[in-house]
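Novice: my_file27.cif is reproduced in full below (mmCIF, C-alpha atoms and all ligand atoms).
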```cif
data_work
#
loop_
_atom_site.label_atom_id
_atom_site.label_comp_id
_atom_site.auth_asym_id
_atom_site.auth_seq_id
_atom_site.Cartn_x
_atom_site.Cartn_y
_atom_site.Cartn_z
CA MET A 1 17.04 3.39 31.44
CA ALA A 2 14.69 2.09 34.07
CA ILE A 3 11.08 1.42 33.15
CA ASN A 4 8.56 3.59 34.97
CA LEU A 5 5.35 1.76 35.77
CA LYS A 6 1.93 3.17 36.40
CA LYS A 7 -0.52 1.66 38.86
CA GLY A 8 -1.69 -1.64 37.38
CA GLY A 9 1.31 -1.93 35.09
CA SER A 10 3.81 -4.76 35.07
CA PHE A 11 7.35 -5.54 34.05
CA ASN A 12 8.54 -8.98 32.97
CA LEU A 13 11.80 -9.45 34.85
CA THR A 14 12.57 -12.82 33.33
CA LYS A 15 12.12 -11.61 29.75
CA GLU A 16 13.58 -8.12 30.06
CA GLU A 17 16.38 -8.92 32.49
CA PRO A 18 17.16 -12.62 32.07
CA LYS A 19 20.45 -12.41 33.95
CA LEU A 20 18.97 -10.64 36.93
CA LYS A 21 18.60 -13.13 39.77
CA LYS A 22 19.64 -11.11 42.82
CA VAL A 23 17.07 -8.39 43.15
CA LEU A 24 16.99 -5.43 45.47
CA ILE A 25 13.51 -4.15 46.19
CA GLY A 26 13.89 -0.56 47.32
CA LEU A 27 11.04 1.17 49.09
CA GLY A 28 10.96 4.87 49.76
CA TRP A 29 8.72 7.55 51.18
CA GLU A 30 9.16 11.00 52.61
CA PRO A 31 7.31 12.52 55.56
CA SER A 32 5.71 15.88 54.80
CA THR A 33 6.63 17.17 58.26
CA ASN A 34 7.48 14.96 61.21
CA ALA A 35 9.36 11.68 61.10
CA LEU A 36 7.16 8.67 60.38
CA ASP A 37 8.03 5.05 61.12
CA LEU A 38 6.91 2.93 58.19
CA ASP A 39 7.57 -0.77 57.98
CA ALA A 40 7.97 -2.86 54.85
CA SER A 41 6.83 -6.44 54.88
CA VAL A 42 6.56 -9.28 52.39
CA PHE A 43 3.94 -12.01 52.20
CA MET A 44 5.40 -15.01 50.35
CA THR A 45 2.42 -16.99 49.19
CA GLY A 46 1.68 -20.18 47.32
CA LYS A 47 -0.97 -20.95 44.73
CA ASN A 48 -3.84 -20.58 47.20
CA LEU A 49 -2.62 -17.03 47.96
CA LYS A 50 -1.79 -18.02 51.54
CA LEU A 51 1.59 -17.87 53.25
CA LEU A 52 3.52 -21.07 52.67
CA SER A 53 4.03 -21.03 56.44
CA ASP A 54 4.03 -18.31 59.10
CA ASN A 55 7.78 -17.81 58.68
CA TYR A 56 7.21 -16.71 55.10
CA PHE A 57 5.81 -13.45 56.43
CA ILE A 58 8.91 -11.24 56.32
CA PHE A 59 9.01 -8.11 58.47
CA TYR A 60 11.25 -6.38 61.00
CA ASN A 61 10.86 -9.22 63.50
CA ASN A 62 11.39 -12.00 60.95
CA LEU A 63 14.04 -10.74 58.60
CA LYS A 64 14.80 -13.84 56.54
CA SER A 65 12.63 -16.40 54.78
CA PRO A 66 13.10 -20.13 55.58
CA ASP A 67 14.30 -20.83 52.02
CA GLY A 68 17.03 -18.21 52.43
CA SER A 69 15.83 -16.32 49.36
CA THR A 70 14.46 -13.18 50.89
CA GLN A 71 16.03 -10.84 53.40
CA HIS A 72 14.71 -7.64 54.97
CA THR A 73 17.71 -5.38 55.58
CA GLY A 74 16.34 -3.66 58.67
CA ASP A 75 14.05 -1.12 60.23
CA ASN A 76 14.10 2.56 59.26
CA ARG A 77 12.37 4.74 61.87
CA THR A 78 12.13 8.20 60.28
CA GLY A 79 11.68 8.06 56.51
CA TYR A 80 14.08 10.95 56.05
CA GLY A 81 16.30 11.02 52.96
CA ASP A 82 15.82 10.37 49.25
CA ASP A 83 17.41 6.93 49.18
CA ASP A 84 15.56 3.69 49.82
CA ASP A 85 14.13 3.83 53.33
CA GLU A 86 13.71 0.08 53.66
CA MET A 87 15.02 -2.67 51.41
CA ILE A 88 14.27 -6.29 50.64
CA LEU A 89 16.84 -8.52 48.96
CA VAL A 90 15.53 -11.44 46.93
CA ASN A 91 17.52 -14.17 45.24
CA LEU A 92 15.02 -15.47 42.70
CA ASP A 93 16.96 -18.71 42.25
CA LEU A 94 16.47 -19.60 45.91
CA VAL A 95 12.74 -18.90 46.19
CA ASN A 96 10.89 -22.02 47.27
CA PRO A 97 9.32 -23.40 44.05
CA ASP A 98 5.90 -23.53 45.71
CA ILE A 99 5.88 -19.77 46.13
CA THR A 100 4.20 -17.83 43.36
CA GLN A 101 3.88 -14.36 44.84
CA LEU A 102 5.91 -11.98 46.95
CA ILE A 103 3.49 -9.28 48.01
CA VAL A 104 5.26 -6.17 49.25
CA ALA A 105 3.36 -3.88 51.60
CA VAL A 106 4.28 -0.89 53.71
CA SER A 107 2.45 -0.09 56.93
CA ILE A 108 2.68 2.73 59.42
CA HIS A 109 3.90 1.78 62.87
CA GLU A 110 1.25 2.46 65.57
CA ALA A 111 -0.79 4.34 62.98
CA ASP A 112 -4.00 4.44 64.97
CA ALA A 113 -2.43 5.53 68.25
CA ARG A 114 -0.39 8.22 66.53
CA LYS A 115 -3.15 9.15 64.06
CA HIS A 116 -0.74 8.68 61.19
CA THR A 117 -1.85 7.91 57.64
CA PHE A 118 -0.28 7.85 54.19
CA GLY A 119 -1.76 11.33 53.78
CA LEU A 120 1.25 12.58 55.79
CA LEU A 121 3.66 11.18 53.22
CA LYS A 122 4.85 12.02 49.75
CA ASP A 123 7.10 10.53 47.08
CA ALA A 124 6.38 6.89 47.89
CA TYR A 125 7.92 4.42 45.46
CA MET A 126 8.94 0.84 44.92
CA ARG A 127 11.81 0.00 42.64
CA ILE A 128 13.60 -3.08 41.43
CA CYS A 129 17.37 -2.96 41.19
CA ASP A 130 20.25 -5.31 40.48
CA VAL A 131 21.83 -6.03 43.88
CA ASP A 132 25.37 -6.14 42.53
CA SER A 133 25.43 -3.13 40.21
CA LYS A 134 22.65 -1.17 41.99
CA ARG A 135 21.24 -0.48 38.55
CA GLU A 136 17.52 0.33 38.66
CA VAL A 137 15.52 -1.72 36.16
CA ALA A 138 11.93 -0.81 37.00
CA ARG A 139 10.22 1.68 39.22
CA PHE A 140 6.72 2.48 40.43
CA ASP A 141 6.04 5.93 41.82
CA LEU A 142 2.79 5.76 43.76
CA ASP A 143 0.99 8.73 42.28
CA ALA A 144 -2.41 8.09 43.87
CA SER A 145 -3.18 9.68 47.23
CA TYR A 146 -3.99 7.63 50.29
CA PRO A 147 -5.31 10.19 52.78
CA HIS A 148 -6.85 7.70 55.22
CA ASP A 149 -4.85 4.56 54.57
CA THR A 150 -2.49 3.01 57.12
CA VAL A 151 -1.16 0.22 54.91
CA VAL A 152 -0.49 0.17 51.17
CA THR A 153 0.46 -2.78 49.00
CA PHE A 154 3.10 -1.16 46.84
CA GLY A 155 3.63 -4.04 44.45
CA LYS A 156 4.37 -7.70 44.04
CA LEU A 157 6.62 -10.14 42.28
CA GLU A 158 4.57 -12.88 40.68
CA LYS A 159 5.72 -16.09 39.05
CA SER A 160 3.71 -17.70 36.28
CA ASN A 161 4.94 -20.04 33.56
CA ASN A 162 8.35 -19.77 35.23
CA GLU A 163 8.51 -16.04 34.53
CA TRP A 164 8.78 -13.45 37.27
CA LYS A 165 6.89 -10.24 36.78
CA PHE A 166 6.88 -7.09 38.87
CA HIS A 167 3.38 -5.69 39.23
CA ALA A 168 2.68 -2.12 40.35
CA VAL A 169 -0.26 -2.50 42.75
CA GLY A 170 -0.75 0.67 44.81
CA GLU A 171 -3.77 -0.52 46.81
CA GLY A 172 -4.35 0.89 50.29
CA SER A 173 -6.46 0.02 53.30
CA THR A 174 -7.52 1.91 56.40
CA GLN A 175 -7.31 -1.28 58.47
CA GLY A 176 -3.53 -1.50 58.79
CA LEU A 177 -1.22 -4.45 58.31
CA GLN A 178 -3.69 -6.73 60.09
CA SER A 179 -6.02 -6.44 57.09
CA LEU A 180 -3.36 -8.09 54.94
CA VAL A 181 -2.50 -10.68 57.57
CA ASP A 182 -6.20 -11.60 57.57
CA ILE A 183 -6.07 -12.17 53.81
CA TYR A 184 -2.77 -14.01 53.44
CA ALA A 185 -2.09 -15.80 56.73
CA CA B 201 12.69 8.86 52.57
CA CA B 202 10.35 1.20 59.97
#
```
Could you rewrite the structure in this file as structure tokens?
Ligand SMILES: [Ca+2]
Ligand SMILES: [Ca+2]
Specialist:
Amino acid sequence: MAINLKKGGSFNLTKEEPKLKKVLIGLGWEPSTNALDLDASVFMTGKNLKLLSDNYFIFYNNLKSPDGSTQHTGDNRTGYGDDDDEMILVNLDLVNPDITQLIVAVSIHEADARKHTFGLLKDAYMRICDVDSKREVARFDLDASYPHDTVVTFGKLEKSNNEWKFHAVGEGSTQGLQSLVDIYA
């Protein structure tokens, strides 16, 4: 059975799932009424918490990391449906050894112009699955509400002492994706 994390919780992938190297990060959300275009992105950072290089910012216009480890599978424009709305594939064995964090955030496309916020969404989650079997090993349902936020860091994969852990973050900002670019780029 998959482990359900609460905000602030973590799951040790290396210890609990030692054979799991090809990870599917599934991200989902559901619009309360009208279609909403949300975009997943990943900041792959080194020890100083900065992107290893600009190309380690993975999003719909830069789908694959330079080390070949991390692949965004494409842009979902509506959010409709219970399945993963956007997905990131990560091969942990291929992650550049200088990278210690993969920070996974979801932002709302043209949020300010369209006056969209996470308050218009429900059932947001991040889950970790085995790519091959599709088995879900850990899941974080974002139970907090984000009425004014336009970007939310759902979670992150963090490496320390050669162990990868999945952390349930659930932190939002009203300043959009740029607020995270300002921190990590
Ligand atoms: Ca959905
Ligand atoms: Ca999208």
Novice: Do you know which residues are within 10 Å of ligand CA 202 (chain B) using all atoms listed in the file? Can you write them as a list of chain:residue names?
Specialist: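 Selection of residues at most 10 Å from ligand CA 202 (chain B): A:Leu36, A:Asp37, A:Leu38, A:Asp39, A:Ala40, A:Ser41, A:Phe59, A:Tyr60, A:Gly74, A:Asp75, A:Asn76, A:Arg77, A:Thr78, A:Gly79, A:Asp85, A:Glu86, A:Val106, A:Ser107, A:Ile108, A:His109.
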Novice: Would you mind listing what lies within 12 Å of Ser69 of chain A as an MDAnalysis selection string, with only C-alpha atoms counted and same-chain residues fewer than 3 positions away left out?
Specialist: chainID A and resid 21:24 44 56 58 63:66 72 88:97 99 102
Novice: Please, could you write that set of residues out with C-alpha atoms as a short mmCIF file (atom, residue, chain, number, x, y, z; two decimals), keeping the file's coordinate frame?
Specialist:
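Result went into part-v1.cif, see below:
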```cif
data_model
loop_
_atom_site.label_atom_id
_atom_site.label_comp_id
_atom_site.auth_asym_id
_atom_site.auth_seq_id
_atom_site.Cartn_x
_atom_site.Cartn_y
_atom_site.Cartn_z
CA LYS A 21 18.60 -13.13 39.77
CA LYS A 22 19.64 -11.11 42.82
CA VAL A 23 17.07 -8.39 43.15
CA LEU A 24 16.99 -5.43 45.47
CA MET A 44 5.40 -15.01 50.35
CA TYR A 56 7.21 -16.71 55.10
CA ILE A 58 8.91 -11.24 56.32
CA LEU A 63 14.04 -10.74 58.60
CA LYS A 64 14.80 -13.84 56.54
CA SER A 65 12.63 -16.40 54.78
CA PRO A 66 13.10 -20.13 55.58
CA HIS A 72 14.71 -7.64 54.97
CA ILE A 88 14.27 -6.29 50.64
CA LEU A 89 16.84 -8.52 48.96
CA VAL A 90 15.53 -11.44 46.93
CA ASN A 91 17.52 -14.17 45.24
CA LEU A 92 15.02 -15.47 42.70
CA ASP A 93 16.96 -18.71 42.25
CA LEU A 94 16.47 -19.60 45.91
CA VAL A 95 12.74 -18.90 46.19
CA ASN A 96 10.89 -22.02 47.27
CA PRO A 97 9.32 -23.40 44.05
CA ILE A 99 5.88 -19.77 46.13
CA LEU A 102 5.91 -11.98 46.95
#
```
Novice: Write as JSON, numbers by chain the residues around ligand CA 201 (chain B), taking 6 Å as the cut-off and counting all atoms listed in the file.
Specialist: {"A": [28, 29, 30, 79, 80, 81, 82, 85]}
Novice: Residues within 12 Å of Glu171 of chain A, please, as a PyMOL selection string. Count only C-alpha atoms; anything in the same chain fewer than 4 positions from it doesn't count.
Specialist: chain A and resi 7-8+103-107+118+142-146+149-156+167+180
Novice: Hey, which of A:Ile128, A:Lys122, A:Asn162, A:Phe43 ends up closest to Asn62 of chain A? Count all atoms listed in the file.
Specialist: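 The answer is A:Phe43, which sits nearest to Asn62 of chain A.
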Novice: For Met126 of chain A, work out the shell of residues within 6 Å, counting all atoms listed in the file and skipping chain neighbours fewer than 5 positions away, then give it as a PyMOL selection string.
Specialist: chain A and resi 26-27+139-140
Novice: For Lys47 of chain A, list every protein, DNA or RNA residue within 9 Å, evaluated using only C-alpha atoms, and leave out those in the same chain fewer than 5 positions away; present the list as number ranges by chain.
Specialist: A: 98-101
Novice: Give me, please, the distance in Å between atom CA of Asp141 of chain A and atom CA of Lys6 of chain A, quoted to one decimal.
Specialist: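 So the two atoms, atom CA of Asp141 of chain A and atom CA of Lys6 of chain A, lie 7.3 Å apart.
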Novice: Record the distance separating atom CA of Leu49 of chain A and atom CA of Trp164 of chain A, expressed in Å with one decimal.
Specialist: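 Between these atoms lies a distance of 16.0 Å.
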Novice: So, counting only C-alpha atoms, which residue among A:Ala185, A:Met87, A:Val169, A:Ile25 is closest to Gly9 of chain A?
Specialist: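 Between A:Ala185, A:Met87, A:Val169, A:Ile25, the residue approaching Gly9 of chain A most closely is A:Val169.
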Novice: Between atom CA of Gln178 of chain A and atom CA of Ala113 of chain A, what is the spacing in Å?
Specialist: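 These atoms are spaced 14.8 Å apart.
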Novice: N, CA and C atoms are what I want for segment 35-46 of chain A; can you complete it accordingly and write them as a PDB file, in the frame of the given file?
Specialist:
```pdb
ATOM      1  N   ALA A  35       8.895  13.024  61.403  1.00  0.00           N
ATOM      2  CA  ALA A  35       9.360  11.680  61.100  1.00  0.00           C
ATOM      3  C   ALA A  35       8.206  10.682  61.234  1.00  0.00           C
ATOM      4  N   LEU A  36       8.174   9.714  60.323  1.00  0.00           N
ATOM      5  CA  LEU A  36       7.160   8.670  60.380  1.00  0.00           C
ATOM      6  C   LEU A  36       7.859   7.320  60.285  1.00  0.00           C
ATOM      7  N   ASP A  37       7.449   6.396  61.145  1.00  0.00           N
ATOM      8  CA  ASP A  37       8.030   5.050  61.120  1.00  0.00           C
ATOM      9  C   ASP A  37       7.142   4.158  60.265  1.00  0.00           C
ATOM     10  N   LEU A  38       7.610   3.871  59.060  1.00  0.00           N
ATOM     11  CA  LEU A  38       6.910   2.930  58.190  1.00  0.00           C
ATOM     12  C   LEU A  38       7.681   1.631  58.153  1.00  0.00           C
ATOM     13  N   ASP A  39       6.951   0.541  57.967  1.00  0.00           N
ATOM     14  CA  ASP A  39       7.570  -0.770  57.980  1.00  0.00           C
ATOM     15  C   ASP A  39       7.184  -1.551  56.732  1.00  0.00           C
ATOM     16  N   ALA A  40       8.205  -2.008  56.025  1.00  0.00           N
ATOM     17  CA  ALA A  40       7.970  -2.860  54.850  1.00  0.00           C
ATOM     18  C   ALA A  40       7.804  -4.302  55.302  1.00  0.00           C
ATOM     19  N   SER A  41       6.949  -5.017  54.624  1.00  0.00           N
ATOM     20  CA  SER A  41       6.830  -6.440  54.880  1.00  0.00           C
ATOM     21  C   SER A  41       6.500  -7.162  53.581  1.00  0.00           C
ATOM     22  N   VAL A  42       6.773  -8.465  53.583  1.00  0.00           N
ATOM     23  CA  VAL A  42       6.560  -9.280  52.390  1.00  0.00           C
ATOM     24  C   VAL A  42       5.771 -10.521  52.766  1.00  0.00           C
ATOM     25  N   PHE A  43       4.700 -10.764  52.042  1.00  0.00           N
ATOM     26  CA  PHE A  43       3.940 -12.010  52.200  1.00  0.00           C
ATOM     27  C   PHE A  43       4.342 -12.918  51.044  1.00  0.00           C
ATOM     28  N   MET A  44       4.959 -14.059  51.379  1.00  0.00           N
ATOM     29  CA  MET A  44       5.400 -15.010  50.350  1.00  0.00           C
ATOM     30  C   MET A  44       4.370 -16.132  50.292  1.00  0.00           C
ATOM     31  N   THR A  45       3.585 -16.112  49.225  1.00  0.00           N
ATOM     32  CA  THR A  45       2.420 -16.990  49.190  1.00  0.00           C
ATOM     33  C   THR A  45       2.509 -18.026  48.085  1.00  0.00           C
ATOM     34  N   GLY A  46       1.768 -19.102  48.300  1.00  0.00           N
ATOM     35  CA  GLY A  46       1.680 -20.180  47.320  1.00  0.00           C
ATOM     36  C   GLY A  46       0.456 -19.997  46.432  1.00  0.00           C
TER      37      GLY A  46
END
```
